[in-house]
Amino acid sequence: MSTILEIANSWLSDFFDKETQKEVKSLIANNQEELKDRFYKNLEFGTGGMRGVMGVGTNRINKYTLGKNTQGLSNYLKKAYPGEMLKVVIAYDCRHNSDSLAQIVAEVFSANGIHVSLFSELRTTPELSFAVKHLNCHAGIVLTASHNPPEYNGYKVYWTDGGQIVPPDDGQIISEINALNFTDIQFTANKELIQIIDKEVDEAFIAASVQNGSFGAKGKDNFSIVFTSLHGTSITAIPEVLNRAGYSKVTIIEEQAKPDGNFPTVASPNPEEPEALKLAIAKAEAIGADMVIGTDPDSDRLGIAVRNLEGNIELLNGNQTMVLMTKFLLEQQKKKGMNGNEYIASTIVSTPMMDSLAAAYNVECKTALTGFKWIAKMIKDFPGQHFVGGGEESFGFMVGDFVRDKDAVTATLLACEIGANAKAEGSSFYKDLIQCYADYGFYKEKLVSLTKKGMSGAEEIKQMMIDFRENPIASIDGSPIAWVFDYQNSTATNLNSGEKKEITLPKSNVLIYTTEDGTRMAARPSGTEPKIKFYFSINASLATTDEYNAVEQELDAKLNRILAELKLS
């Protein structure tokens, strides 16, 4: 506690503003536990940049922690691009303080002699990724905490290719940041270096989204869509993209259309949660709509709900939408002609069905660590190959490479193209998905997240991962473990033969168990939230689509047995 108190006292110097000093003094005097949580560590970059609760302290999002990030990034840009006129672009979402924090970040960049293009109002994360390349910038920043609760904000860094920072740049940027004291931050802006942007980039992004997400679908006039932005940024792009692509039957949930960092109509602005789409699903049922689409606050994730075999609206998971979207893109590519250099992409905790799909189309499926930055890195690492599309289980998808991050804008249009075309041909989005199960294997996934907040929670998550490594699971639902993949130690071990293989992906705190019957369980701490996540995948064959309900019941029963066995239900 003495070290924490020493760090907190350093925030009482005249460098910090009066309000900050006042709050720190109050914490020291009245709330030692809160003081500890705010100052026991520095916020760190995770799988999706830096996210945290807003407030005073080194473990919080505020002008000083983000200012220090920006100062470190400025220093690194000067070393990486010596003698060049440096340019960055900045966007922000609907969250509290996002606009003011974006302004502060812009001012720090300008104080370091870096030209800044700052969006005039909130914009989507995919537009920021697009803008980095469109404006020929060296880097980009978006102020967002994605789908986290209202008290959070965050800071994502994008590099010259439009993708989030990856090795070696990320480690070197972090080293620059860690070498700084807060007093090294240059806050005095050079206003002449800050340019406000909006419509010219909007127009280019929307046009590119329509171009990349349109595939000549039939039946657009007869396809009814309910859309909700969940109080976030996608309201600035998705309605216009759908309109230009020819979709006239779009109903917007007005109660959720106004950007609002309180997210007043939902418990969580996360389209992974059925509750978040409750209003939209109710509207769809009332008007007989075919599809519901909802996006998270910065519009990189999308949730899709469609009519199931009984005619009821059902929320699909990220694995299901990813498989059908990828299959559709591969089919379109096949019609144009395969060149033999195509590939799709996914992540180590997403459905293995992507491998089966790739094999059926005779293309490669590249698998990355969790986090879309690794998929974007593939495009940079393999310039001689053609990226068709890909996604991850956490409701993210990317169509082609004109955006280098999860893109709910273009993916929304793609989903509508699939649904409209299927309906026009006497099928449906849901029926097409079931046909995929019959063709490539019926894979079913389940995610379980345990929230462990604060300093004690972080220690508990750390210990859980240690326990899994030191006391590995022997079997799952009666099937012995065949392989253990430890991405932290870069080893894959066959428990039957003792064979060991090297994992060539970068090190990451992830454990994956696979059993002899093809069941898979992955465990990893979240890189953006105080959670530990468990990902389960099971599979069975589906001889015909008529057997879907019966086989699904068997898979559901198996999942329930597994969760009970591991005490996660």
# chains A, B, ... in the order shown; residues from 1 in each chain; ligands from 1

$ residues_around --residues "range 179-182 of chain A" --least-positions-apart "5" --cutoff "8 Å" --atoms "only C-alpha atoms" --output "PDB file with N, CA and C atoms, in the first residue's frame"
ATOM      1  N   TYR A  64      -4.721  12.144 -18.565  1.00  0.00           N
ATOM      2  CA  TYR A  64      -3.297  11.915 -18.321  1.00  0.00           C
ATOM      3  C   TYR A  64      -2.842  10.542 -18.830  1.00  0.00           C
ATOM      4  N   THR A  65      -3.635   9.502 -18.590  1.00  0.00           N
ATOM      5  CA  THR A  65      -3.248   8.181 -19.098  1.00  0.00           C
ATOM      6  C   THR A  65      -3.297   8.169 -20.628  1.00  0.00           C
ATOM      7  N   LYS A  68      -0.417  10.339 -21.961  1.00  0.00           N
ATOM      8  CA  LYS A  68       0.855   9.616 -21.919  1.00  0.00           C
ATOM      9  C   LYS A  68       0.952   8.632 -23.083  1.00  0.00           C
ATOM     10  N   GLY A  72       3.807   8.959 -26.004  1.00  0.00           N
ATOM     11  CA  GLY A  72       4.662   7.827 -26.366  1.00  0.00           C
ATOM     12  C   GLY A  72       4.524   7.457 -27.827  1.00  0.00           C
TER      13      GLY A  72
END

$ select_by_dssp --residues "range 446-547 of chain A" --states "strand (DSSP E)" --output "ChimeraX atom specification"
/A:446-451,475-476,479-486,491-494,500-502,511-515,520-525,531-540

$ residues_around --residues "Pro383 in chain A" --least-positions-apart "3" --cutoff "12 Å" --atoms "only C-alpha atoms" --output "list in words"
Asp161, Asn341, Glu342, Tyr343, Ala376, Lys377, Met378, Ile379, Lys380, His386, Phe387 and Asp401 of chain A

$ closest_residue --among "A:Tyr92, A:Tyr76, A:Phe534, A:Tyr247" --to "Asn112 in chain A" --atoms "only C-alpha atoms"
A:Tyr76

$ select_by_dssp --residues "range 184-361 of chain A" --states "helix (DSSP H, G or I)" --output "PDB file with N, CA and C atoms, in the first residue's frame"
ATOM      1  N   ASP A 184       6.100  14.458 -18.837  1.00  0.00           N
ATOM      2  CA  ASP A 184       6.664  14.544 -20.184  1.00  0.00           C
ATOM      3  C   ASP A 184       5.601  14.835 -21.243  1.00  0.00           C
ATOM      4  N   LYS A 191      -2.845  24.639 -32.759  1.00  0.00           N
ATOM      5  CA  LYS A 191      -4.169  24.573 -33.398  1.00  0.00           C
ATOM      6  C   LYS A 191      -4.090  24.509 -34.915  1.00  0.00           C
ATOM      7  N   GLU A 192      -3.034  25.068 -35.483  1.00  0.00           N
ATOM      8  CA  GLU A 192      -2.905  25.090 -36.941  1.00  0.00           C
ATOM      9  C   GLU A 192      -2.715  23.684 -37.526  1.00  0.00           C
ATOM     10  N   LEU A 193      -2.312  22.737 -36.686  1.00  0.00           N
ATOM     11  CA  LEU A 193      -2.069  21.379 -37.166  1.00  0.00           C
ATOM     12  C   LEU A 193      -3.293  20.474 -37.009  1.00  0.00           C
ATOM     13  N   LYS A 199     -17.672  15.062 -44.045  1.00  0.00           N
ATOM     14  CA  LYS A 199     -18.439  14.545 -45.174  1.00  0.00           C
ATOM     15  C   LYS A 199     -17.585  13.908 -46.260  1.00  0.00           C
ATOM     16  N   GLU A 200     -16.407  14.475 -46.535  1.00  0.00           N
ATOM     17  CA  GLU A 200     -15.621  13.940 -47.643  1.00  0.00           C
ATOM     18  C   GLU A 200     -15.171  12.505 -47.373  1.00  0.00           C
ATOM     19  N   VAL A 201     -14.833  12.204 -46.113  1.00  0.00           N
ATOM     20  CA  VAL A 201     -14.449  10.831 -45.761  1.00  0.00           C
ATOM     21  C   VAL A 201     -15.689   9.948 -45.659  1.00  0.00           C
ATOM     22  N   ASP A 202     -16.774  10.503 -45.113  1.00  0.00           N
ATOM     23  CA  ASP A 202     -18.031   9.744 -45.024  1.00  0.00           C
ATOM     24  C   ASP A 202     -18.444   9.223 -46.396  1.00  0.00           C
ATOM     25  N   GLU A 203     -18.413  10.110 -47.372  1.00  0.00           N
ATOM     26  CA  GLU A 203     -18.871   9.743 -48.716  1.00  0.00           C
ATOM     27  C   GLU A 203     -18.008   8.614 -49.294  1.00  0.00           C
ATOM     28  N   ALA A 204     -16.716   8.713 -49.130  1.00  0.00           N
ATOM     29  CA  ALA A 204     -15.818   7.682 -49.655  1.00  0.00           C
ATOM     30  C   ALA A 204     -16.035   6.353 -48.948  1.00  0.00           C
ATOM     31  N   PHE A 205     -16.232   6.402 -47.630  1.00  0.00           N
ATOM     32  CA  PHE A 205     -16.422   5.170 -46.855  1.00  0.00           C
ATOM     33  C   PHE A 205     -17.740   4.499 -47.206  1.00  0.00           C
ATOM     34  N   ILE A 206     -18.805   5.276 -47.282  1.00  0.00           N
ATOM     35  CA  ILE A 206     -20.113   4.696 -47.600  1.00  0.00           C
ATOM     36  C   ILE A 206     -20.110   4.091 -48.998  1.00  0.00           C
ATOM     37  N   ALA A 207     -19.514   4.783 -49.951  1.00  0.00           N
ATOM     38  CA  ALA A 207     -19.428   4.253 -51.315  1.00  0.00           C
ATOM     39  C   ALA A 207     -18.641   2.945 -51.353  1.00  0.00           C
ATOM     40  N   ALA A 208     -17.544   2.883 -50.599  1.00  0.00           N
ATOM     41  CA  ALA A 208     -16.729   1.667 -50.563  1.00  0.00           C
ATOM     42  C   ALA A 208     -17.480   0.523 -49.881  1.00  0.00           C
ATOM     43  N   SER A 209     -18.253   0.839 -48.850  1.00  0.00           N
ATOM     44  CA  SER A 209     -19.033  -0.181 -48.143  1.00  0.00           C
ATOM     45  C   SER A 209     -20.084  -0.787 -49.065  1.00  0.00           C
ATOM     46  N   VAL A 210     -20.767   0.069 -49.830  1.00  0.00           N
ATOM     47  CA  VAL A 210     -21.780  -0.415 -50.766  1.00  0.00           C
ATOM     48  C   VAL A 210     -21.132  -1.270 -51.852  1.00  0.00           C
ATOM     49  N   GLN A 211     -20.000  -0.821 -52.347  1.00  0.00           N
ATOM     50  CA  GLN A 211     -19.313  -1.552 -53.404  1.00  0.00           C
ATOM     51  C   GLN A 211     -18.854  -2.931 -52.929  1.00  0.00           C
ATOM     52  N   ASN A 212     -18.295  -2.993 -51.737  1.00  0.00           N
ATOM     53  CA  ASN A 212     -17.739  -4.249 -51.235  1.00  0.00           C
ATOM     54  C   ASN A 212     -18.776  -5.193 -50.647  1.00  0.00           C
ATOM     55  N   GLY A 213     -19.928  -4.643 -50.243  1.00  0.00           N
ATOM     56  CA  GLY A 213     -20.949  -5.479 -49.600  1.00  0.00           C
ATOM     57  C   GLY A 213     -22.102  -5.861 -50.497  1.00  0.00           C
ATOM     58  N   LYS A 220     -34.742  -7.622 -52.982  1.00  0.00           N
ATOM     59  CA  LYS A 220     -34.513  -6.572 -51.984  1.00  0.00           C
ATOM     60  C   LYS A 220     -35.804  -5.863 -51.585  1.00  0.00           C
ATOM     61  N   ASP A 221     -36.705  -5.668 -52.548  1.00  0.00           N
ATOM     62  CA  ASP A 221     -37.965  -4.966 -52.264  1.00  0.00           C
ATOM     63  C   ASP A 221     -38.884  -5.762 -51.352  1.00  0.00           C
ATOM     64  N   ASN A 222     -38.624  -7.058 -51.233  1.00  0.00           N
ATOM     65  CA  ASN A 222     -39.488  -7.931 -50.444  1.00  0.00           C
ATOM     66  C   ASN A 222     -38.790  -8.416 -49.183  1.00  0.00           C
ATOM     67  N   THR A 233     -22.719   4.500 -32.841  1.00  0.00           N
ATOM     68  CA  THR A 233     -22.248   5.270 -33.994  1.00  0.00           C
ATOM     69  C   THR A 233     -22.789   4.787 -35.335  1.00  0.00           C
ATOM     70  N   SER A 234     -23.279   3.570 -35.403  1.00  0.00           N
ATOM     71  CA  SER A 234     -23.644   3.015 -36.714  1.00  0.00           C
ATOM     72  C   SER A 234     -24.801   3.749 -37.368  1.00  0.00           C
ATOM     73  N   ILE A 235     -25.535   4.533 -36.584  1.00  0.00           N
ATOM     74  CA  ILE A 235     -26.629   5.336 -37.156  1.00  0.00           C
ATOM     75  C   ILE A 235     -26.071   6.325 -38.186  1.00  0.00           C
ATOM     76  N   THR A 236     -24.778   6.641 -38.111  1.00  0.00           N
ATOM     77  CA  THR A 236     -24.155   7.573 -39.059  1.00  0.00           C
ATOM     78  C   THR A 236     -23.833   6.930 -40.404  1.00  0.00           C
ATOM     79  N   ILE A 238     -24.961   2.985 -41.399  1.00  0.00           N
ATOM     80  CA  ILE A 238     -25.696   1.811 -41.883  1.00  0.00           C
ATOM     81  C   ILE A 238     -26.998   2.156 -42.600  1.00  0.00           C
ATOM     82  N   PRO A 239     -27.851   3.054 -42.088  1.00  0.00           N
ATOM     83  CA  PRO A 239     -29.074   3.368 -42.837  1.00  0.00           C
ATOM     84  C   PRO A 239     -28.799   3.864 -44.251  1.00  0.00           C
ATOM     85  N   GLU A 240     -27.783   4.705 -44.415  1.00  0.00           N
ATOM     86  CA  GLU A 240     -27.459   5.224 -45.738  1.00  0.00           C
ATOM     87  C   GLU A 240     -26.881   4.134 -46.643  1.00  0.00           C
ATOM     88  N   VAL A 241     -26.057   3.258 -46.084  1.00  0.00           N
ATOM     89  CA  VAL A 241     -25.500   2.157 -46.870  1.00  0.00           C
ATOM     90  C   VAL A 241     -26.616   1.248 -47.373  1.00  0.00           C
ATOM     91  N   LEU A 242     -27.557   0.891 -46.506  1.00  0.00           N
ATOM     92  CA  LEU A 242     -28.672   0.030 -46.921  1.00  0.00           C
ATOM     93  C   LEU A 242     -29.541   0.725 -47.966  1.00  0.00           C
ATOM     94  N   ASN A 243     -29.763   2.009 -47.791  1.00  0.00           N
ATOM     95  CA  ASN A 243     -30.568   2.769 -48.746  1.00  0.00           C
ATOM     96  C   ASN A 243     -29.909   2.778 -50.131  1.00  0.00           C
ATOM     97  N   ARG A 244     -28.627   3.060 -50.169  1.00  0.00           N
ATOM     98  CA  ARG A 244     -27.931   3.119 -51.467  1.00  0.00           C
ATOM     99  C   ARG A 244     -27.836   1.747 -52.118  1.00  0.00           C
ATOM    100  N   GLU A 254     -36.340   3.782 -33.200  1.00  0.00           N
ATOM    101  CA  GLU A 254     -36.101   5.194 -32.890  1.00  0.00           C
ATOM    102  C   GLU A 254     -35.668   5.417 -31.450  1.00  0.00           C
ATOM    103  N   GLU A 255     -36.180   4.587 -30.514  1.00  0.00           N
ATOM    104  CA  GLU A 255     -35.814   4.763 -29.102  1.00  0.00           C
ATOM    105  C   GLU A 255     -34.325   4.557 -28.873  1.00  0.00           C
ATOM    106  N   GLN A 256     -33.653   3.866 -29.806  1.00  0.00           N
ATOM    107  CA  GLN A 256     -32.233   3.571 -29.657  1.00  0.00           C
ATOM    108  C   GLN A 256     -31.375   4.237 -30.733  1.00  0.00           C
ATOM    109  N   PRO A 274     -28.954 -11.335 -26.053  1.00  0.00           N
ATOM    110  CA  PRO A 274     -30.319 -11.250 -26.594  1.00  0.00           C
ATOM    111  C   PRO A 274     -31.111 -10.071 -26.041  1.00  0.00           C
ATOM    112  N   GLU A 275     -30.863  -9.717 -24.776  1.00  0.00           N
ATOM    113  CA  GLU A 275     -31.606  -8.622 -24.157  1.00  0.00           C
ATOM    114  C   GLU A 275     -31.369  -7.304 -24.876  1.00  0.00           C
ATOM    115  N   ALA A 276     -30.159  -7.116 -25.421  1.00  0.00           N
ATOM    116  CA  ALA A 276     -29.835  -5.861 -26.099  1.00  0.00           C
ATOM    117  C   ALA A 276     -30.704  -5.649 -27.335  1.00  0.00           C
ATOM    118  N   LEU A 277     -31.139  -6.741 -27.958  1.00  0.00           N
ATOM    119  CA  LEU A 277     -31.949  -6.656 -29.176  1.00  0.00           C
ATOM    120  C   LEU A 277     -33.433  -6.868 -28.905  1.00  0.00           C
ATOM    121  N   LYS A 278     -33.821  -6.777 -27.642  1.00  0.00           N
ATOM    122  CA  LYS A 278     -35.201  -7.062 -27.254  1.00  0.00           C
ATOM    123  C   LYS A 278     -36.208  -6.161 -27.970  1.00  0.00           C
ATOM    124  N   LEU A 279     -35.943  -4.860 -27.991  1.00  0.00           N
ATOM    125  CA  LEU A 279     -36.872  -3.926 -28.646  1.00  0.00           C
ATOM    126  C   LEU A 279     -36.947  -4.201 -30.147  1.00  0.00           C
ATOM    127  N   ALA A 280     -35.803  -4.459 -30.747  1.00  0.00           N
ATOM    128  CA  ALA A 280     -35.767  -4.694 -32.189  1.00  0.00           C
ATOM    129  C   ALA A 280     -36.476  -5.999 -32.555  1.00  0.00           C
ATOM    130  N   ILE A 281     -36.266  -7.033 -31.739  1.00  0.00           N
ATOM    131  CA  ILE A 281     -36.925  -8.319 -32.007  1.00  0.00           C
ATOM    132  C   ILE A 281     -38.436  -8.198 -31.845  1.00  0.00           C
ATOM    133  N   ALA A 282     -38.857  -7.454 -30.825  1.00  0.00           N
ATOM    134  CA  ALA A 282     -40.303  -7.249 -30.627  1.00  0.00           C
ATOM    135  C   ALA A 282     -40.913  -6.518 -31.822  1.00  0.00           C
ATOM    136  N   LYS A 283     -40.207  -5.525 -32.329  1.00  0.00           N
ATOM    137  CA  LYS A 283     -40.689  -4.793 -33.506  1.00  0.00           C
ATOM    138  C   LYS A 283     -40.750  -5.725 -34.719  1.00  0.00           C
ATOM    139  N   ALA A 284     -39.735  -6.546 -34.891  1.00  0.00           N
ATOM    140  CA  ALA A 284     -39.702  -7.474 -36.022  1.00  0.00           C
ATOM    141  C   ALA A 284     -40.859  -8.453 -35.970  1.00  0.00           C
ATOM    142  N   GLU A 285     -41.161  -8.947 -34.787  1.00  0.00           N
ATOM    143  CA  GLU A 285     -42.297  -9.869 -34.635  1.00  0.00           C
ATOM    144  C   GLU A 285     -43.597  -9.144 -34.960  1.00  0.00           C
ATOM    145  N   ALA A 286     -43.686  -7.885 -34.546  1.00  0.00           N
ATOM    146  CA  ALA A 286     -44.925  -7.128 -34.747  1.00  0.00           C
ATOM    147  C   ALA A 286     -45.192  -6.818 -36.212  1.00  0.00           C
ATOM    148  N   ILE A 287     -44.133  -6.538 -36.976  1.00  0.00           N
ATOM    149  CA  ILE A 287     -44.339  -6.136 -38.375  1.00  0.00           C
ATOM    150  C   ILE A 287     -44.021  -7.255 -39.374  1.00  0.00           C
ATOM    151  N   GLY A 318     -21.987 -15.510 -33.195  1.00  0.00           N
ATOM    152  CA  GLY A 318     -20.979 -15.022 -34.129  1.00  0.00           C
ATOM    153  C   GLY A 318     -20.405 -16.110 -35.014  1.00  0.00           C
ATOM    154  N   ASN A 319     -20.288 -17.327 -34.489  1.00  0.00           N
ATOM    155  CA  ASN A 319     -19.797 -18.432 -35.298  1.00  0.00           C
ATOM    156  C   ASN A 319     -20.762 -18.753 -36.434  1.00  0.00           C
ATOM    157  N   GLN A 320     -22.053 -18.750 -36.134  1.00  0.00           N
ATOM    158  CA  GLN A 320     -23.048 -19.080 -37.156  1.00  0.00           C
ATOM    159  C   GLN A 320     -23.055 -18.053 -38.286  1.00  0.00           C
ATOM    160  N   THR A 321     -23.077 -16.773 -37.930  1.00  0.00           N
ATOM    161  CA  THR A 321     -23.106 -15.742 -38.972  1.00  0.00           C
ATOM    162  C   THR A 321     -21.802 -15.729 -39.765  1.00  0.00           C
ATOM    163  N   MET A 322     -20.679 -15.965 -39.069  1.00  0.00           N
ATOM    164  CA  MET A 322     -19.381 -15.986 -39.743  1.00  0.00           C
ATOM    165  C   MET A 322     -19.331 -17.090 -40.799  1.00  0.00           C
ATOM    166  N   VAL A 323     -19.810 -18.269 -40.456  1.00  0.00           N
ATOM    167  CA  VAL A 323     -19.769 -19.392 -41.388  1.00  0.00           C
ATOM    168  C   VAL A 323     -20.608 -19.105 -42.627  1.00  0.00           C
ATOM    169  N   LEU A 324     -21.831 -18.628 -42.423  1.00  0.00           N
ATOM    170  CA  LEU A 324     -22.706 -18.397 -43.571  1.00  0.00           C
ATOM    171  C   LEU A 324     -22.206 -17.237 -44.438  1.00  0.00           C
ATOM    172  N   MET A 325     -21.710 -16.176 -43.799  1.00  0.00           N
ATOM    173  CA  MET A 325     -21.155 -15.058 -44.563  1.00  0.00           C
ATOM    174  C   MET A 325     -19.941 -15.492 -45.387  1.00  0.00           C
ATOM    175  N   THR A 326     -19.069 -16.268 -44.757  1.00  0.00           N
ATOM    176  CA  THR A 326     -17.868 -16.720 -45.460  1.00  0.00           C
ATOM    177  C   THR A 326     -18.231 -17.649 -46.606  1.00  0.00           C
ATOM    178  N   LYS A 327     -19.188 -18.550 -46.376  1.00  0.00           N
ATOM    179  CA  LYS A 327     -19.629 -19.463 -47.429  1.00  0.00           C
ATOM    180  C   LYS A 327     -20.189 -18.678 -48.610  1.00  0.00           C
ATOM    181  N   PHE A 328     -20.969 -17.666 -48.328  1.00  0.00           N
ATOM    182  CA  PHE A 328     -21.547 -16.836 -49.391  1.00  0.00           C
ATOM    183  C   PHE A 328     -20.450 -16.136 -50.195  1.00  0.00           C
ATOM    184  N   LEU A 329     -19.463 -15.577 -49.489  1.00  0.00           N
ATOM    185  CA  LEU A 329     -18.360 -14.896 -50.180  1.00  0.00           C
ATOM    186  C   LEU A 329     -17.550 -15.869 -51.034  1.00  0.00           C
ATOM    187  N   LEU A 330     -17.330 -17.069 -50.516  1.00  0.00           N
ATOM    188  CA  LEU A 330     -16.602 -18.066 -51.282  1.00  0.00           C
ATOM    189  C   LEU A 330     -17.376 -18.470 -52.531  1.00  0.00           C
ATOM    190  N   GLU A 331     -18.677 -18.558 -52.407  1.00  0.00           N
ATOM    191  CA  GLU A 331     -19.513 -18.908 -53.546  1.00  0.00           C
ATOM    192  C   GLU A 331     -19.447 -17.813 -54.614  1.00  0.00           C
ATOM    193  N   GLN A 332     -19.459 -16.551 -54.162  1.00  0.00           N
ATOM    194  CA  GLN A 332     -19.340 -15.437 -55.115  1.00  0.00           C
ATOM    195  C   GLN A 332     -17.980 -15.452 -55.801  1.00  0.00           C
ATOM    196  N   GLN A 333     -16.933 -15.742 -55.014  1.00  0.00           N
ATOM    197  CA  GLN A 333     -15.585 -15.810 -55.575  1.00  0.00           C
ATOM    198  C   GLN A 333     -15.485 -16.956 -56.580  1.00  0.00           C
ATOM    199  N   LYS A 334     -16.126 -18.063 -56.268  1.00  0.00           N
ATOM    200  CA  LYS A 334     -16.117 -19.227 -57.161  1.00  0.00           C
ATOM    201  C   LYS A 334     -16.764 -18.892 -58.503  1.00  0.00           C
ATOM    202  N   LYS A 335     -17.830 -18.102 -58.467  1.00  0.00           N
ATOM    203  CA  LYS A 335     -18.515 -17.695 -59.696  1.00  0.00           C
ATOM    204  C   LYS A 335     -17.607 -16.825 -60.564  1.00  0.00           C
ATOM    205  N   LYS A 336     -16.822 -15.966 -59.898  1.00  0.00           N
ATOM    206  CA  LYS A 336     -15.900 -15.108 -60.641  1.00  0.00           C
ATOM    207  C   LYS A 336     -14.686 -15.877 -61.142  1.00  0.00           C
ATOM    208  N   MET A 353     -15.452 -25.204 -37.758  1.00  0.00           N
ATOM    209  CA  MET A 353     -16.203 -25.386 -38.996  1.00  0.00           C
ATOM    210  C   MET A 353     -15.607 -24.570 -40.137  1.00  0.00           C
ATOM    211  N   MET A 354     -14.903 -23.492 -39.812  1.00  0.00           N
ATOM    212  CA  MET A 354     -14.260 -22.680 -40.853  1.00  0.00           C
ATOM    213  C   MET A 354     -13.221 -23.502 -41.622  1.00  0.00           C
ATOM    214  N   ASP A 355     -12.543 -24.425 -40.938  1.00  0.00           N
ATOM    215  CA  ASP A 355     -11.576 -25.290 -41.618  1.00  0.00           C
ATOM    216  C   ASP A 355     -12.276 -26.235 -42.587  1.00  0.00           C
ATOM    217  N   SER A 356     -13.429 -26.777 -42.155  1.00  0.00           N
ATOM    218  CA  SER A 356     -14.196 -27.672 -43.019  1.00  0.00           C
ATOM    219  C   SER A 356     -14.700 -26.927 -44.251  1.00  0.00           C
ATOM    220  N   LEU A 357     -15.132 -25.698 -44.045  1.00  0.00           N
ATOM    221  CA  LEU A 357     -15.623 -24.874 -45.147  1.00  0.00           C
ATOM    222  C   LEU A 357     -14.499 -24.585 -46.148  1.00  0.00           C
ATOM    223  N   ALA A 358     -13.340 -24.228 -45.629  1.00  0.00           N
ATOM    224  CA  ALA A 358     -12.191 -23.935 -46.501  1.00  0.00           C
ATOM    225  C   ALA A 358     -11.808 -25.159 -47.322  1.00  0.00           C
ATOM    226  N   ALA A 359     -11.808 -26.320 -46.679  1.00  0.00           N
ATOM    227  CA  ALA A 359     -11.438 -27.549 -47.381  1.00  0.00           C
ATOM    228  C   ALA A 359     -12.409 -27.844 -48.522  1.00  0.00           C
ATOM    229  N   ALA A 360     -13.697 -27.573 -48.295  1.00  0.00           N
ATOM    230  CA  ALA A 360     -14.710 -27.838 -49.322  1.00  0.00           C
ATOM    231  C   ALA A 360     -14.509 -26.959 -50.556  1.00  0.00           C
ATOM    232  N   TYR A 361     -13.992 -25.753 -50.353  1.00  0.00           N
ATOM    233  CA  TYR A 361     -13.764 -24.840 -51.479  1.00  0.00           C
ATOM    234  C   TYR A 361     -12.308 -24.836 -51.946  1.00  0.00           C
TER     235      TYR A 361
END

$ atom_distance --atom1 "CA of Val551 in chain A" --atom2 "CA of Asp477 in chain A"
17.0 Å

$ residues_around --residues "Lys531 in chain A" --least-positions-apart "3" --cutoff "7 Å" --atoms "only C-alpha atoms" --output "list in words"
Ser449, Leu450, Thr451, Lys452, Pro525 and Ser526 of chain A

$ write_last_selection --atoms "C-alpha atoms" --output "PDB file, in the first residue's frame"
ATOM      1  CA  SER A 449     -17.685 -15.711 -19.223  1.00  0.00           C
ATOM      2  CA  LEU A 450     -16.927 -15.267 -15.526  1.00  0.00           C
ATOM      3  CA  THR A 451     -16.501 -11.675 -14.303  1.00  0.00           C
ATOM      4  CA  LYS A 452     -13.805 -11.091 -11.665  1.00  0.00           C
ATOM      5  CA  PRO A 525      -8.499 -14.141 -19.739  1.00  0.00           C
ATOM      6  CA  SER A 526     -10.226 -11.351 -21.641  1.00  0.00           C
TER       7      SER A 526
END

$ residues_around --residues "range 304-306 of chain A" --least-positions-apart "6" --cutoff "10 Å" --atoms "only C-alpha atoms" --output "ChimeraX atom specification"
/A:225-227,271-272,274,277,280-281,284,289-295,312-318,320-321,395,412,415-416,419,428-430

$ residues_around --residues "Asp405 in chain A" --least-positions-apart "4" --cutoff "12 Å" --atoms "only C-alpha atoms" --output "JSON, numbers by chain"
{"A": [48, 124, 125, 126, 127, 128, 129, 130, 132, 156, 157, 158, 159, 161, 162, 163, 164, 165, 298, 299, 300, 301, 371, 372, 373, 374, 375, 376, 377, 378, 379, 389, 390, 391, 392, 396, 397, 398, 399, 400, 401, 409, 410, 411]}

$ write_last_selection --atoms "C-alpha atoms" --output "short mmCIF file (atom, residue, chain, number, x, y, z; two decimals), in the first residue's frame"
data_model
loop_
_atom_site.label_atom_id
_atom_site.label_comp_id
_atom_site.auth_asym_id
_atom_site.auth_seq_id
_atom_site.Cartn_x
_atom_site.Cartn_y
_atom_site.Cartn_z
CA GLY A 48 -8.52 -4.51 -28.49
CA THR A 124 -17.74 4.23 -36.61
CA THR A 125 -14.54 2.33 -35.95
CA PRO A 126 -14.53 0.80 -39.47
CA GLU A 127 -14.65 4.33 -40.94
CA LEU A 128 -11.60 5.25 -38.86
CA SER A 129 -9.75 2.18 -40.14
CA PHE A 130 -10.74 3.13 -43.70
CA VAL A 132 -6.16 5.89 -42.15
CA LYS A 156 -7.43 1.91 -30.03
CA VAL A 157 -4.31 2.55 -32.10
CA TYR A 158 -4.20 1.86 -35.85
CA TRP A 159 -1.12 1.75 -38.06
CA ASP A 161 -2.23 -0.25 -43.14
CA GLY A 162 -5.46 0.59 -41.30
CA GLY A 163 -5.10 -2.34 -38.92
CA GLN A 164 -4.57 -2.17 -35.18
CA ILE A 165 -0.99 -2.17 -33.95
CA ASP A 298 -18.46 1.74 -32.19
CA SER A 299 -20.05 -0.42 -34.91
CA ASP A 300 -17.44 -3.11 -35.26
CA ARG A 301 -19.66 -5.95 -33.96
CA GLY A 371 -8.43 -10.19 -31.76
CA PHE A 372 -9.10 -8.87 -35.22
CA LYS A 373 -5.76 -7.12 -35.40
CA TRP A 374 -4.20 -10.51 -36.14
CA ILE A 375 -6.51 -11.08 -39.12
CA ALA A 376 -5.62 -7.62 -40.44
CA LYS A 377 -1.93 -8.52 -40.01
CA MET A 378 -2.40 -11.52 -42.31
CA ILE A 379 -3.32 -9.21 -45.18
CA GLY A 389 -13.32 -12.57 -45.81
CA GLY A 390 -13.29 -13.84 -42.28
CA GLY A 391 -14.37 -13.32 -38.72
CA GLU A 392 -14.29 -14.36 -35.12
CA GLY A 396 -17.02 -9.58 -35.79
CA PHE A 397 -16.63 -9.96 -39.54
CA MET A 398 -14.59 -8.34 -42.32
CA VAL A 399 -15.52 -8.34 -46.01
CA GLY A 400 -12.39 -8.06 -48.16
CA ASP A 401 -9.55 -5.80 -47.10
CA VAL A 409 -21.28 -1.59 -41.58
CA THR A 410 -20.33 -3.69 -44.62
CA ALA A 411 -21.14 -6.95 -42.80
#
